[in-house]
Each structure stands twice: as structure tokens, then as C-alpha cells.
Amino acid sequence: VRELRSVYPRAQLVDGQRATSEAVLEALDGSGVAHLVAHGAHEPANALFSRLDLVDGPLFAHETARLKAPPDLVVLAACELAMSHIRPGEEALGFAGALLAGGSRTVVGAVSRVGDRAAAEAMTQLHRRMAEGTSPAVALAEATAVEPLRRPFLCLGAG
């Protein structure tokens with residue numbers, strides 16, 4: 001968080017006991033860029049129940065449909081939230097898919113578990129490059145090029 005504050009000094013921070021589902025949804029609504037750091041889990045049996053684990057419990061993928069003005073770019077620094085599940089005749093769904101379907105243009109997330117240190121290093125480099133004007137897809141490729149097997153992040157959407 002300290003590193004990201006150096007990139008975005010005026011960013012709104014929702015952390016600690018304030019990091020409730022309602023507070024996070026409120027902060028997401030109308031923001032241009034959102035960076036979410038939490039434990040996450042993809043739910044293959046019902047992908048819309050994929051979740052971020054917050055202080056008051058889970059924030060489910062389906063709850064992001066309540067956003068009136070979803071962030072243009074969402075970075076999910078959490079395990080598995082770029083995963084999706086496709087049932088016959090349906091679109092790919094999961095946490096990232098729900099954000100894209102709700103109007104977010106680009107979502108960066110992991111397709112498997114990722115360690116805290118590896119995620120922090122990759123996310124810091126990602127945001128530094130984006131702040132310099134690099135597109136999210138190129139910034140992510142550059143940020144994860146050093147040890148890509150330890151950093152299973154994807155850029156989904158318009159990148």
C-alpha cells in the first residue's frame with residue numbers, strides 16, 4: 001500500500017476495519033482506477049459467488065452489479081479472481097467477468113494462487129508503468145516478465 005500511495009498520492013484508501021463490503025462498493029462506484037487487495041476465491045460451482053474476503057465477510061461477484069459507475073480499470077490483487085467458469089450456452093463468469101459485464105473496461109487479476117510478496121512486487125511495477133502512460137496489458141507484461149510463473153496475472157478486457 002505504501003508503494004502504491006507513492007504512485008497515487010490522492011487515492012482513497014479503504015483498509016482495516018473500514019474495509020467492509022458496503023464501503024468497498026461505495027469506493028468503487030465512480031472511481032477511475034481501483035486496486036483491491038484481499039484474499040479471493042473463485043467458486044466454480046457458481047461463479048457469481050466468487051468472492052473477495054473483507055473484514056465483514058465476503059464481497060461476492062454478483063454484488064458488483066450494484067455499481068452505477070463501475071471503475072474503468074480494476075486490479076484484483078487476490079488469488080483466483082481472473083478465473084471464470086463457462087456453462088453451455090452462457091458467457092464466462094467469475095469475479096473479473098462480473099466486473100467486465102457490469103461496465104469495467106479492463107480487469108487485471110490472477111488465475112491461480114499468488115504469494116503476497118510476488119503480488120505486491122508485480123502490482124507496484126504494474127501501477128508505476130501505467131502511471132507513466134503504459135497501457136495496462138503492456139504494463140502487466142513488463143511487470144511480470146521477470147518471473148512469470150510466480151505471478152499468474154492476466155489483463156482482461158480492453159487492456
# chains A, B, ... in the order shown; residues from 1 in each chain; ligands from 1
$ residues_around --residues "Gln12 of chain A" --least-positions-apart "4" --cutoff "10 Å" --atoms "only C-alpha atoms" --output "VMD selection string"
chain A and resid 5 8 27 to 28 31 34
$ write_last_selection --atoms "N, CA and C atoms" --output "PDB file, in the first residue's frame"
ATOM      1  N   ARG A   5       0.751   4.225  -2.715  1.00  0.00           N
ATOM      2  CA  ARG A   5       0.478   5.607  -2.308  1.00  0.00           C
ATOM      3  C   ARG A   5       1.482   6.566  -2.943  1.00  0.00           C
ATOM      4  N   TYR A   8       0.002   6.972  -6.448  1.00  0.00           N
ATOM      5  CA  TYR A   8      -1.312   7.645  -6.423  1.00  0.00           C
ATOM      6  C   TYR A   8      -1.493   8.333  -5.065  1.00  0.00           C
ATOM      7  N   ALA A  27     -16.662   2.916  -2.520  1.00  0.00           N
ATOM      8  CA  ALA A  27     -15.409   3.475  -3.037  1.00  0.00           C
ATOM      9  C   ALA A  27     -15.211   3.121  -4.512  1.00  0.00           C
ATOM     10  N   LEU A  28     -15.653   1.933  -4.916  1.00  0.00           N
ATOM     11  CA  LEU A  28     -15.517   1.523  -6.312  1.00  0.00           C
ATOM     12  C   LEU A  28     -16.395   2.355  -7.231  1.00  0.00           C
ATOM     13  N   SER A  31     -15.117   5.439  -9.353  1.00  0.00           N
ATOM     14  CA  SER A  31     -13.660   5.614  -9.387  1.00  0.00           C
ATOM     15  C   SER A  31     -13.139   5.265 -10.778  1.00  0.00           C
ATOM     16  N   ALA A  34      -9.315   1.195  -9.682  1.00  0.00           N
ATOM     17  CA  ALA A  34      -9.489   0.569  -8.372  1.00  0.00           C
ATOM     18  C   ALA A  34      -8.471  -0.551  -8.220  1.00  0.00           C
TER      19      ALA A  34
END
$ select_by_dssp --residues "chain A" --states "helix (DSSP H, G or I)" --output "ChimeraX atom specification"
/A:2-7,16-18,21-28,47-49,61-66,95-102,116-131,136-144,148-150
$ closest_atom_pairs --of "segment 111-158 of chain A" --to "segment 97-106 of chain A" --cutoff "10 Å" --atoms "only C-alpha atoms" --output "Markdown table"
| residue | atom | partner | partner_atom | distance |
| --- | --- | --- | --- | --- |
| A:Pro136 | CA | A:Thr106 | CA | 7.9 |
| A:Ala137 | CA | A:Thr106 | CA | 9.0 |
| A:Cys155 | CA | A:Thr106 | CA | 7.0 |
| A:Leu156 | CA | A:Thr106 | CA | 5.7 |
| A:Gly157 | CA | A:Thr106 | CA | 4.6 |
| A:Ala158 | CA | A:Thr106 | CA | 5.4 |
$ write_last_selection --atoms "N, CA and C atoms" --output "PDB file, in the first residue's frame"
ATOM      1  N   PRO A 136      -2.482  -0.925 -19.652  1.00  0.00           N
ATOM      2  CA  PRO A 136      -2.484  -1.988 -18.632  1.00  0.00           C
ATOM      3  C   PRO A 136      -1.920  -3.315 -19.130  1.00  0.00           C
ATOM      4  N   ALA A 137      -2.244  -3.728 -20.337  1.00  0.00           N
ATOM      5  CA  ALA A 137      -1.765  -5.015 -20.844  1.00  0.00           C
ATOM      6  C   ALA A 137      -0.242  -5.026 -20.986  1.00  0.00           C
ATOM      7  N   CYS A 155      -4.522  -9.748 -18.024  1.00  0.00           N
ATOM      8  CA  CYS A 155      -5.225  -8.498 -18.293  1.00  0.00           C
ATOM      9  C   CYS A 155      -6.403  -8.853 -19.181  1.00  0.00           C
ATOM     10  N   LEU A 156      -7.600  -8.580 -18.713  1.00  0.00           N
ATOM     11  CA  LEU A 156      -8.823  -8.912 -19.428  1.00  0.00           C
ATOM     12  C   LEU A 156      -9.541  -7.646 -19.864  1.00  0.00           C
ATOM     13  N   GLY A 157     -10.180  -7.681 -20.999  1.00  0.00           N
ATOM     14  CA  GLY A 157     -10.936  -6.529 -21.478  1.00  0.00           C
ATOM     15  C   GLY A 157     -10.148  -5.741 -22.495  1.00  0.00           C
ATOM     16  N   ALA A 158     -10.301  -4.426 -22.429  1.00  0.00           N
ATOM     17  CA  ALA A 158      -9.730  -3.548 -23.441  1.00  0.00           C
ATOM     18  C   ALA A 158      -8.237  -3.307 -23.275  1.00  0.00           C
TER      19      ALA A 158
END
$ residues_around --residues "Ala122 of chain A" --least-positions-apart "6" --cutoff "9 Å" --atoms "only C-alpha atoms" --output "PDB file with C-alpha atoms, in the first residue's frame"
ATOM      1  CA  LEU A 140       1.373  -6.107 -16.816  1.00  0.00           C
ATOM      2  CA  ALA A 143       5.814  -6.159 -14.606  1.00  0.00           C
ATOM      3  CA  THR A 144       5.560  -9.941 -14.687  1.00  0.00           C
ATOM      4  CA  ARG A 151       2.914 -14.143 -10.959  1.00  0.00           C
ATOM      5  CA  PHE A 153      -1.853 -12.370 -13.627  1.00  0.00           C
TER       6      PHE A 153
END
$ select_by_dssp --residues "chain A" --states "strand (DSSP E)" --output "tab-separated table (two decimals) with N, CA, C and O atoms, in the first residue's frame"
chain	number	residue	atom	x	y	z
A	33	VAL	N	-9.79	4.18	-11.38
A	33	VAL	CA	-8.91	3.04	-11.19
A	33	VAL	C	-9.16	2.50	-9.79
A	33	VAL	O	-9.20	3.28	-8.83
A	34	ALA	N	-9.31	1.20	-9.68
A	34	ALA	CA	-9.49	0.57	-8.37
A	34	ALA	C	-8.47	-0.55	-8.22
A	34	ALA	O	-8.23	-1.30	-9.16
A	35	HIS	N	-7.89	-0.62	-7.04
A	35	HIS	CA	-6.92	-1.68	-6.74
A	35	HIS	C	-7.43	-2.36	-5.47
A	35	HIS	O	-7.50	-1.74	-4.42
A	36	LEU	N	-7.78	-3.64	-5.58
A	36	LEU	CA	-8.32	-4.38	-4.45
A	36	LEU	C	-7.31	-5.42	-3.98
A	36	LEU	O	-6.87	-6.26	-4.76
A	37	VAL	N	-6.96	-5.34	-2.71
A	37	VAL	CA	-6.03	-6.28	-2.10
A	37	VAL	C	-6.78	-7.02	-1.02
A	37	VAL	O	-7.22	-6.42	-0.04
A	39	HIS	N	-7.88	-11.47	0.25
A	39	HIS	CA	-7.92	-12.87	-0.15
A	39	HIS	C	-9.12	-13.04	-1.06
A	39	HIS	O	-10.17	-12.44	-0.85
A	40	GLY	N	-8.95	-13.84	-2.09
A	40	GLY	CA	-10.04	-14.08	-3.03
A	40	GLY	C	-10.18	-15.56	-3.31
A	40	GLY	O	-9.25	-16.33	-3.11
A	41	ALA	N	-11.36	-15.93	-3.77
A	41	ALA	CA	-11.60	-17.33	-4.13
A	41	ALA	C	-12.59	-17.40	-5.28
A	41	ALA	O	-13.61	-16.71	-5.27
A	51	ARG	N	-15.49	-14.57	-4.69
A	51	ARG	CA	-15.55	-13.54	-3.66
A	51	ARG	C	-14.19	-12.97	-3.28
A	51	ARG	O	-13.16	-13.62	-3.43
A	52	LEU	N	-14.26	-11.77	-2.75
A	52	LEU	CA	-13.17	-11.14	-2.02
A	52	LEU	C	-13.53	-11.26	-0.56
A	52	LEU	O	-14.67	-10.99	-0.17
A	53	ASP	N	-12.60	-11.68	0.28
A	53	ASP	CA	-12.86	-11.79	1.70
A	53	ASP	C	-12.49	-10.48	2.39
A	53	ASP	O	-11.31	-10.11	2.44
A	54	LEU	N	-13.50	-9.78	2.89
A	54	LEU	CA	-13.31	-8.49	3.54
A	54	LEU	C	-13.54	-8.62	5.04
A	54	LEU	O	-13.91	-9.69	5.54
A	57	GLY	N	-16.89	-10.05	5.98
A	57	GLY	CA	-17.30	-11.23	5.25
A	57	GLY	C	-17.05	-11.05	3.76
A	57	GLY	O	-16.35	-10.13	3.34
A	58	PRO	N	-17.65	-11.92	2.95
A	58	PRO	CA	-17.34	-11.89	1.52
A	58	PRO	C	-18.06	-10.77	0.76
A	58	PRO	O	-19.19	-10.40	1.09
A	59	LEU	N	-17.37	-10.26	-0.26
A	59	LEU	CA	-17.98	-9.42	-1.28
A	59	LEU	C	-18.05	-10.31	-2.50
A	59	LEU	O	-17.02	-10.71	-3.06
A	60	PHE	N	-19.27	-10.69	-2.89
A	60	PHE	CA	-19.47	-11.63	-3.98
A	60	PHE	C	-19.46	-10.92	-5.34
A	60	PHE	O	-19.85	-9.75	-5.44
A	73	LEU	N	-10.87	0.71	-14.77
A	73	LEU	CA	-9.81	-0.27	-14.60
A	73	LEU	C	-9.87	-0.81	-13.18
A	73	LEU	O	-9.88	-0.03	-12.22
A	74	VAL	N	-9.90	-2.12	-13.04
A	74	VAL	CA	-9.88	-2.77	-11.72
A	74	VAL	C	-8.70	-3.73	-11.68
A	74	VAL	O	-8.54	-4.56	-12.57
A	75	VAL	N	-7.89	-3.59	-10.65
A	75	VAL	CA	-6.79	-4.51	-10.41
A	75	VAL	C	-7.16	-5.35	-9.20
A	75	VAL	O	-7.40	-4.81	-8.12
A	76	LEU	N	-7.23	-6.64	-9.40
A	76	LEU	CA	-7.59	-7.59	-8.33
A	76	LEU	C	-6.32	-8.28	-7.86
A	76	LEU	O	-5.89	-9.26	-8.45
A	77	ALA	N	-5.71	-7.74	-6.81
A	77	ALA	CA	-4.50	-8.35	-6.25
A	77	ALA	C	-4.96	-9.39	-5.24
A	77	ALA	O	-4.80	-9.24	-4.03
A	106	THR	N	-11.37	-2.74	-18.20
A	106	THR	CA	-10.19	-3.59	-18.07
A	106	THR	C	-10.12	-4.12	-16.65
A	106	THR	O	-10.33	-3.37	-15.69
A	107	VAL	N	-9.79	-5.41	-16.53
A	107	VAL	CA	-9.59	-6.03	-15.22
A	107	VAL	C	-8.29	-6.81	-15.26
A	107	VAL	O	-8.05	-7.59	-16.18
A	108	VAL	N	-7.45	-6.59	-14.27
A	108	VAL	CA	-6.22	-7.35	-14.09
A	108	VAL	C	-6.44	-8.24	-12.88
A	108	VAL	O	-6.90	-7.76	-11.83
A	109	GLY	N	-6.16	-9.53	-13.02
A	109	GLY	CA	-6.35	-10.45	-11.89
A	109	GLY	C	-5.55	-11.71	-12.09
A	109	GLY	O	-4.98	-11.95	-13.16
A	110	ALA	N	-5.52	-12.54	-11.05
A	110	ALA	CA	-4.75	-13.78	-11.07
A	110	ALA	C	-5.66	-14.97	-11.38
A	110	ALA	O	-6.81	-14.99	-10.99
A	153	PHE	N	-0.86	-13.41	-13.37
A	153	PHE	CA	-1.85	-12.37	-13.63
A	153	PHE	C	-2.19	-12.27	-15.11
A	153	PHE	O	-1.32	-12.48	-15.97
A	154	LEU	N	-3.43	-11.93	-15.39
A	154	LEU	CA	-3.90	-11.69	-16.75
A	154	LEU	C	-4.52	-10.31	-16.83
A	154	LEU	O	-5.04	-9.80	-15.84
A	155	CYS	N	-4.52	-9.75	-18.02
A	155	CYS	CA	-5.22	-8.50	-18.29
A	155	CYS	C	-6.40	-8.85	-19.18
A	155	CYS	O	-6.22	-9.38	-20.28
A	156	LEU	N	-7.60	-8.58	-18.71
A	156	LEU	CA	-8.82	-8.91	-19.43
A	156	LEU	C	-9.54	-7.65	-19.86
A	156	LEU	O	-9.50	-6.64	-19.16
A	157	GLY	N	-10.18	-7.68	-21.00
A	157	GLY	CA	-10.94	-6.53	-21.48
A	157	GLY	C	-10.15	-5.74	-22.49
A	157	GLY	O	-9.39	-6.29	-23.29
$ residues_around --residues "Gly115 of chain A" --least-positions-apart "4" --cutoff "9 Å" --atoms "only C-alpha atoms" --output "NGL selection string"
:A and (79 or 119-120 or 150-151)
